[in-house]
>>> print(open('my_file-v8.txt').read())   # compact mmCIF, C-alpha atoms
# COMPACT_ATOMS: atom_id res chain seq x y z
CA MET A 1 0.00 0.00 0.00
CA ALA A 2 1.38 3.41 -0.97
CA HIS A 3 1.27 6.17 1.61
CA LYS A 4 0.62 9.74 0.53
CA PHE A 5 2.38 12.58 2.33
CA ARG A 6 1.52 16.25 1.97
CA ARG A 7 4.18 18.90 2.47
CA GLN A 8 3.94 22.14 4.50
CA VAL A 9 0.43 21.58 5.86
CA ALA A 10 -1.35 23.69 8.49
CA LEU A 11 -2.58 21.62 11.45
CA GLY A 12 -4.21 23.90 13.98
CA SER A 13 -1.92 26.91 14.36
CA TYR A 14 1.16 24.94 13.27
CA ILE A 15 2.63 24.20 9.86
CA VAL A 16 4.17 20.73 9.72
CA ASP A 17 6.84 19.68 7.26
CA PHE A 18 5.12 16.47 6.11
CA VAL A 19 1.90 14.69 7.10
CA CYS A 20 0.30 11.40 6.12
CA PHE A 21 -3.36 11.90 7.02
CA ASP A 22 -4.33 8.24 6.55
CA GLU A 23 -1.80 7.12 9.17
CA ARG A 24 -1.92 10.34 11.24
CA LEU A 25 1.85 10.62 11.00
CA VAL A 26 3.80 13.90 11.02
CA VAL A 27 7.44 14.01 9.93
CA GLU A 28 9.47 17.05 10.93
CA LEU A 29 12.94 17.87 9.60
CA ASP A 30 14.83 20.05 12.04
CA GLY A 31 17.75 22.35 11.32
CA GLY A 32 20.12 23.83 13.87
CA GLN A 33 17.64 26.53 14.93
CA HIS A 34 15.60 23.83 16.67
CA THR A 35 18.25 23.46 19.38
CA LEU A 36 17.18 26.95 20.49
CA GLN A 37 13.43 26.30 20.36
CA ARG A 38 13.02 23.00 22.20
CA PRO A 39 10.22 24.28 24.49
CA TYR A 40 8.24 25.43 21.43
CA ASP A 41 8.85 22.12 19.64
CA ALA A 42 7.76 20.18 22.74
CA GLU A 43 4.54 22.23 22.98
CA ARG A 44 3.88 21.72 19.28
CA THR A 45 4.50 17.96 19.51
CA ALA A 46 2.24 17.68 22.57
CA TRP A 47 -0.57 19.46 20.72
CA LEU A 48 -0.18 17.28 17.62
CA GLU A 49 -0.20 14.12 19.76
CA SER A 50 -3.31 15.36 21.58
CA GLN A 51 -4.96 15.48 18.15
CA GLY A 52 -4.03 11.85 17.45
CA TYR A 53 -0.90 12.41 15.37
CA ARG A 54 2.37 10.58 15.85
CA VAL A 55 5.38 12.85 15.38
CA LEU A 56 8.79 11.85 14.07
CA ARG A 57 11.57 14.42 14.24
CA PHE A 58 14.85 14.12 12.37
CA TRP A 59 17.82 16.44 12.17
CA ASN A 60 18.51 17.62 8.62
CA HIS A 61 22.00 16.11 8.74
CA GLU A 62 20.50 12.68 9.53
CA VAL A 63 18.42 12.79 6.37
CA TRP A 64 21.48 13.65 4.27
CA ARG A 65 23.92 11.27 5.95
CA ASP A 66 21.78 8.23 6.65
CA TRP A 67 18.64 8.32 4.52
CA ASP A 68 18.21 4.53 4.70
CA ALA A 69 17.90 4.63 8.51
CA VAL A 70 15.49 7.59 8.36
CA ALA A 71 13.36 5.84 5.74
CA GLU A 72 13.26 2.68 7.87
CA VAL A 73 12.00 4.60 10.92
CA ILE A 74 9.29 6.23 8.80
CA TRP A 75 8.36 2.87 7.23
CA ARG A 76 8.02 1.28 10.67
CA ALA A 77 5.86 4.16 11.88
CA LEU A 78 3.58 3.78 8.86
CA HIS A 79 2.99 0.15 9.76
CA GLN A 80 1.95 0.79 13.37
CA ALA A 81 -1.60 1.60 14.43
CA PRO A 82 -2.33 5.36 14.62
CA LEU A 83 -2.64 6.92 18.06
CA THR A 84 -5.98 7.94 19.46
CA PRO A 85 -6.33 11.52 20.72
CA GLY A 86 -5.06 11.87 24.27
CA SER A 87 -2.81 8.78 24.19
CA ASN A 88 0.79 9.13 25.33
CA GLY A 89 2.55 6.99 22.71
CA PHE A 90 5.28 8.43 20.53
CA LEU A 91 8.14 7.37 18.33
CA SER A 92 11.64 8.58 19.03
CA PRO A 93 13.63 10.23 16.27
CA LEU A 94 17.00 8.90 15.21
CA ALA A 95 18.79 11.52 17.27
CA GLY A 96 18.99 11.58 21.04
CA GLU A 97 18.39 14.71 23.08
CA ASP A 98 21.87 15.99 22.20
CA GLY A 99 21.40 15.38 18.47
CA SER A 100 23.77 12.43 18.32
CA PRO A 101 22.55 9.61 16.05
CA ASP A 102 20.76 6.71 17.67
CA LYS A 103 20.58 4.78 14.37
CA GLY A 104 17.00 3.68 13.83
CA GLU A 105 15.80 3.13 17.37
CA THR A 106 12.14 3.65 18.02
CA GLY A 107 10.45 3.53 21.36
CA GLU A 108 7.14 3.89 23.06
CA GLY A 109 6.81 6.35 25.91
>>> encode(input="my_file-v8.txt", output="structure tokens")
Amino acid sequence: MAHKFRRQVALGSYIVDFVCFDERLVVELDGGQHTLQRPYDAERTAWLESQGYRVLRFWNHEVWRDWDAVAEVIWRALHQAPLTPGSNGFLSPLAGEDGSPDKGETGEG
């Protein structure tokens, strides 16, 4: 089954980089400026999750350096059941809190 993503879509008061509506999956690509706006990103992610979206965040350099690992994380997310609004599940991005690669790990939290 092919999954359709839309780019630069408004969800509430936020514009997300990519969204797959059928799977309620948001993919965000973060540049260096995101290290300075973590509280804003956390608020945004919490709101999106409260609306039933799963959010994957990747650093731009991860996409360029290790596309295969990024694509695998997205593929795995597409094959999991969507969240229901108010649930606390999420998928971890490839990078840890400090931005260092965590090659393809996903987790529930």
>>> residues_around(input="my_file-v8.txt", residues="Ala2 in chain A", least_positions_apart="4", cutoff="12 Å", atoms="all atoms listed in the file", output="number ranges by chain")
A: 20, 22-23, 75, 78-79
>>> closest_residue(input="my_file-v8.txt", among="A:Arg38, A:Gly31, A:Thr45, A:Val63", to="Ile15 in chain A", atoms="only C-alpha atoms")
A:Thr45
>>> residues_near_point(input="my_file-v8.txt", point="(8.0, 19.6, 13.1)", cutoff="10 Å", atoms="only C-alpha atoms", output="list in words")
Gln8, Tyr14, Ile15, Val16, Asp17, Phe18, Val19, Val26, Val27, Glu28, Leu29, Asp30, His34, Asp41, Ala42, Arg44, Thr45, Leu48, Val55, Leu56, Arg57 and Phe58 of chain A
>>> write_last_selection(input="my_file-v8.txt", atoms="C-alpha atoms", output="mmCIF file, in the coordinates of the input")
data_model
loop_
_atom_site.group_PDB
_atom_site.id
_atom_site.type_symbol
_atom_site.label_atom_id
_atom_site.label_comp_id
_atom_site.auth_asym_id
_atom_site.auth_seq_id
_atom_site.Cartn_x
_atom_site.Cartn_y
_atom_site.Cartn_z
ATOM 1 C CA GLN A 8 3.940 22.140 4.500
ATOM 2 C CA TYR A 14 1.160 24.940 13.270
ATOM 3 C CA ILE A 15 2.630 24.200 9.860
ATOM 4 C CA VAL A 16 4.170 20.730 9.720
ATOM 5 C CA ASP A 17 6.840 19.680 7.260
ATOM 6 C CA PHE A 18 5.120 16.470 6.110
ATOM 7 C CA VAL A 19 1.900 14.690 7.100
ATOM 8 C CA VAL A 26 3.800 13.900 11.020
ATOM 9 C CA VAL A 27 7.440 14.010 9.930
ATOM 10 C CA GLU A 28 9.470 17.050 10.930
ATOM 11 C CA LEU A 29 12.940 17.870 9.600
ATOM 12 C CA ASP A 30 14.830 20.050 12.040
ATOM 13 C CA HIS A 34 15.600 23.830 16.670
ATOM 14 C CA ASP A 41 8.850 22.120 19.640
ATOM 15 C CA ALA A 42 7.760 20.180 22.740
ATOM 16 C CA ARG A 44 3.880 21.720 19.280
ATOM 17 C CA THR A 45 4.500 17.960 19.510
ATOM 18 C CA LEU A 48 -0.180 17.280 17.620
ATOM 19 C CA VAL A 55 5.380 12.850 15.380
ATOM 20 C CA LEU A 56 8.790 11.850 14.070
ATOM 21 C CA ARG A 57 11.570 14.420 14.240
ATOM 22 C CA PHE A 58 14.850 14.120 12.370
#
>>> atom_distance(input="my_file-v8.txt", atom1="CA of Glu43 in chain A", atom2="CA of Leu25 in chain A")
16.9 Å
>>> closest_residue(input="my_file-v8.txt", among="A:Ala71, A:Phe21, A:Gly12, A:Gln80", to="Tyr53 in chain A", atoms="only C-alpha atoms")
A:Phe21
